[in-house]
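Student: First the structure, then my questions, so here it is.
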Amino acid sequence: DLEYFLAQEKKQLNVGFQLGITKQLLSVMHYIHRNNVVHRNLTPRAILLDKKNEIKVVCWTNAVYVVPNLPPLVTRGLRYQSPEFAVYG
């Protein structure tokens with residue numbers, strides 16, 4: 001996970017690496033928010049990093065689907081399950 005990777009890196013990360021991770025994360029957040037899903041547990045431990053420095057966002061158990069144009073109290077009980085969790089969980 002990203003938290004472990006950052007703990008192992010004793011030197012400062014280069015700007016290109018930081019921008020790459022940030023761009024990927026913003027892309028993921030834009031996609032899920034555009035589809036009315038809120039992650040609600042985004043921490044460095046919820047971001048996996050592969051050998052190509054590509055991220056995977058995990059820990060979707062607290063994610064919720066937000067019904068557009070309804071107050072948050074109405075939508076609080078609706079839970080979103082990622083396709084991976086629905087199939088393998």
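Order determines the names: the first chain of the structure tokens is A, the second B, and so forth; residues in each chain are numbered 1 upward, and ligands are numbered 1 upward as they are shown.
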Could you list, as a compact mmCIF listing (two decimals) with N, CA and C atoms, in the first residue's frame, every residue within 6 Å of stretch 58-63 of chain A, counting only C-alpha atoms and ignoring same-chain residues fewer than 2 positions away?
Tutor:
# COMPACT_ATOMS: atom_id res chain seq x y z
N VAL A 38 -19.35 7.71 -3.10
CA VAL A 38 -18.41 8.36 -2.19
C VAL A 38 -17.64 7.27 -1.46
N HIS A 39 -16.32 7.32 -1.49
CA HIS A 39 -15.48 6.26 -0.91
C HIS A 39 -15.55 6.25 0.62
N ARG A 40 -15.40 7.34 1.28
CA ARG A 40 -15.50 7.55 2.73
C ARG A 40 -14.38 6.93 3.57
N ALA A 46 -5.48 2.63 1.77
CA ALA A 46 -6.51 2.23 0.81
C ALA A 46 -6.03 2.41 -0.63
N TYR A 80 -22.96 1.09 -1.35
CA TYR A 80 -22.43 0.70 -2.65
C TYR A 80 -21.46 -0.45 -2.45
Student: Which distance in Å separates atom CA of A:Tyr4 and atom CA of A:Arg45, to one decimal?
Tutor: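 So the answer is 7.7 Å.
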Student: Taking the DSSP assignment computed from this structure's backbone, write out as a list in words all residues of stretch 15-78 of chain A that belong to strand (DSSP E).
Tutor: Val37, Val38, Ile47, Leu48, Leu49, Ile55, Lys56, Val57, Val64 and Tyr65 of chain A
Student: Just give me the gap between atom CA of A:Arg34 and atom CA of A:Lys51 in Å, one decimal is fine.
Tutor: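 Separating atom CA of A:Arg34 from atom CA of A:Lys51 is a distance of 28.4 Å.
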Student: Calculate how many Å separate atom CA of A:Val64 from atom CA of A:Thr43, rounding to one decimal.
Tutor: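 Taking atom CA of A:Val64 and atom CA of A:Thr43, their separation equals 16.3 Å.
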